[in-house]
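Asks: Take a look at the following structure, please.
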Amino acid sequence: MSNRKLHPSTIAVRAQVERTNQMEHSAPLFLTSSFAFNTAEDMRAAFADEVEANIYSRYSNPNVDEFANKMALLEGAEAGFAVASGMAAVSMSFFALLKAGDHLLCSRSMFGGTNTVVTKFLPRFGIEYTLVPADDIAAWEAAVRPNTKMIYLETPTNPQLELIDLEAVGRLAKKHNIIYNVDNCFATPALQTPIDFGADLVIHSATKWLDGQGRVLGGVVVGKKELIHDIYLFCRNTGPSLSPFNAWVLSKSLETLDVRIQRHSENALAIAKHFENHPKLKWVKYPFLPSHPQYAIAQKQMKAGGGIVCLELAGGLESGRRFMDALQILSLTPNLGDSRSIASHPASTTHSKVPPADQLAVGITPGLIRISVGLEHVDDIIYDIEQALEQA
Ligand SMILES: *Cc1c(COP(=O)(O)O)cnc(C)c1O
């Protein structure tokens, strides 16, 4: 590529695996489990790490590396490693870097799967944790212990859309020499680059906005070279490998990330504004609405508000179910970050087994509807939400 410092949207289009002697324009699919060697000596040198060579697709694969490298470039990271899903990325960043006796500090509001790994599985391996309120920096500081090895957070959080001041937590991590690990799934590097605020690692569920079309699972961790190397060694031996096919799809998706996220954000802001004072709603939450409690933080660290809007139905749980049943265009599916708009009702689905008091403690209110705003014409999305609200 050119020596000029390129814009991220150009890198997303142009960064590509080296062209083969077939002179293909679009990156080919390297659907192969292993790689061949001409001589025993070449093979020995590859296994001895004396040369950089693909050996086996559990270790590395050109499509997987292309996707990881592109994500590292977009996030401004030194290196990256891609894995089979967002949860593999989250788990591997914990298991590769933490050991028995270490302490992990997390925000209370975070993705359900991550919460399960932190609170149910890590303790089995002797790793302690503390969950703190997202917006209370003093609480983060107070929870730091001598054995705190990592801070982990997502912002905006899923599904509550709470924001955390990336810069303030970054200062805290630096002061106490703690690994600072950020799940950047909701914002994507098109809107927010946590490394600029001191993050050592950035994680993605590529399944969401990075693919953007609801087709494949994938995950990626990017960040400091030494940390990514430790994650690579752990994954190379434990096996959460990303399929080359999924990586190829994801690399292609990144070419349109910037334009997609801009449109998702424009549609979402228009929807948030349209419904802000609707009589059937208690509130509308969106990072770029001035009524968002952490609007100032959104303005500081995000370029736009992203594609997720949360609505609270005044009628609570049953009203939420009626709203979901009345939708004609929006999909009812447990995914987000798709070109198709999606509605979900956490209280009757993902969080239905959580006792109501515990739901409230993490911001899951009975009438909470999470809208993942798609790329349909915004008037059609508004029409569908409007008519469903009338029946809610
Ligand atoms: C979906 C999601 C994950 C998990 O990703 P998968 O690809 O489903 O494993 C992690 N973090 C956040 C914020 C998510 O939304």
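Chain identifiers are assigned as A, B, and so on, following the order in which chains appear in the structure tokens; residues are numbered from 1 within each chain, and ligands are numbered from 1 in order of appearance.
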Counting only C-alpha atoms and all ligand atoms, what residues are within 6 Å of ligand 1, given as a list in words?
Replies: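 Answer in the requested format: Ser85, Gly86, Met87, Phe111, Asn158, Cys185, Ser205, Thr207, Leu217, Gly218 and Gly219 of chain A.
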Asks: Compile the contact shell of Ala46 (chain A) as a ChimeraX atom specification: residues with an atom at most 12 Å away, counting only C-alpha atoms, same-chain residues fewer than 3 positions apart removed.
Replies: /A:35-43,49-56,59
Asks: If you count only C-alpha atoms, which residues fall within 12 Å of region 349-362 of chain A, apart from same-chain ones fewer than 5 positions away, as a short mmCIF file (atom, residue, chain, number, x, y, z; two decimals) with C-alpha atoms, in the first residue's frame?
Replies:
data_model
loop_
_atom_site.label_atom_id
_atom_site.label_comp_id
_atom_site.auth_asym_id
_atom_site.auth_seq_id
_atom_site.Cartn_x
_atom_site.Cartn_y
_atom_site.Cartn_z
CA SER A 107 -18.57 -2.81 34.83
CA ARG A 108 -21.82 -4.17 36.26
CA SER A 109 -23.69 -3.66 33.03
CA MET A 110 -22.26 -5.81 30.27
CA PHE A 111 -23.16 -8.47 27.73
CA GLY A 112 -24.91 -11.52 29.29
CA GLY A 113 -22.40 -14.09 28.01
CA ASN A 115 -21.24 -11.74 32.71
CA LEU A 131 -18.47 -5.53 39.29
CA VAL A 132 -18.82 -1.75 39.61
CA PRO A 133 -21.47 0.76 38.42
CA ALA A 134 -20.52 1.88 34.91
CA THR A 157 -23.14 -1.40 27.11
CA ASN A 158 -25.43 -4.11 25.77
CA PRO A 159 -28.39 -3.72 26.13
CA GLN A 160 -28.64 -0.75 28.53
CA LEU A 161 -26.64 1.76 26.43
CA GLU A 162 -24.70 3.00 29.44
CA LEU A 317 -43.80 -6.40 30.47
CA GLY A 320 -43.51 -5.13 25.57
CA ARG A 321 -44.82 -8.49 24.37
CA MET A 324 -43.12 -7.27 19.64
CA LEU A 332 -37.71 -10.71 16.22
CA THR A 333 -34.29 -12.36 16.50
CA PRO A 334 -31.57 -12.46 19.15
CA ASN A 335 -28.97 -10.64 17.10
CA ALA A 343 -36.35 -5.55 18.02
CA SER A 344 -35.70 -7.42 21.24
CA GLY A 367 -40.75 -2.46 29.18
CA LEU A 368 -37.23 -2.18 27.74
CA ILE A 369 -37.12 -2.68 23.97
CA ARG A 370 -33.76 -2.69 22.20
#
Asks: When you look at Lys5 (chain A) with a cut-off of 12 Å (counting only C-alpha atoms), what residues show up, excluding the ones that are within fewer than 5 positions of it in the same chain? I need them as number ranges by chain.
Replies: A: 10-11, 73, 76
Asks: Rounded to one decimal, what separation in Å do you get between CA of Thr119 (chain A) and CA of Ala100 (chain A)?
Replies: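 Taking CA of Thr119 (chain A) and CA of Ala100 (chain A), their separation equals 14.4 Å.
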Asks: Using only C-alpha atoms, find the one residue out of A:Gln294, A:Asn246, A:Asn181, A:Asn147 that sits nearest to Phe67 (chain A).
Replies: A:Asn246
Asks: Name the residues of region 113-354 of chain A that come out as helix (DSSP H, G or I) in a backbone DSSP run; write them as a ChimeraX atom specification.
Replies: /A:113-125,137-143,166-175,194-197,225-238,244-254,257-275,295-301,316-326,346-348
Asks: Please, which residues of region 229-348 of chain A, numbered as in this document, come out strand (DSSP E) from DSSP, as a list in words?
Replies: Leu281, Lys282, Trp283, Val284, Lys285, Ile308, Val309, Cys310, Leu311, Glu312, Leu313, Ser331, Leu332, Ile342, Ala343 and Ser344 of chain A
Asks: Would you list the contacts of Gly126 (chain A) as number ranges by chain, taking every protein, DNA or RNA residue within 12 Å and counting only C-alpha atoms, but skipping same-chain residues closer than 6 positions in sequence?
Replies: A: 95, 98-104, 118-120
Asks: Which is closer to Val13 (chain A) than all the others in A:Arg340, A:Lys175, A:Lys252, A:Lys225, using only C-alpha atoms?
Replies: A:Lys252
Asks: Please provide as a PyMOL selection string all residues within 12 Å of Arg145 (chain A), with the sequence filter that same-chain residues fewer than 3 positions apart are discarded (counting only C-alpha atoms).
Replies: chain A and resi 101-105+128-130+140-142+148-151+173+176-178
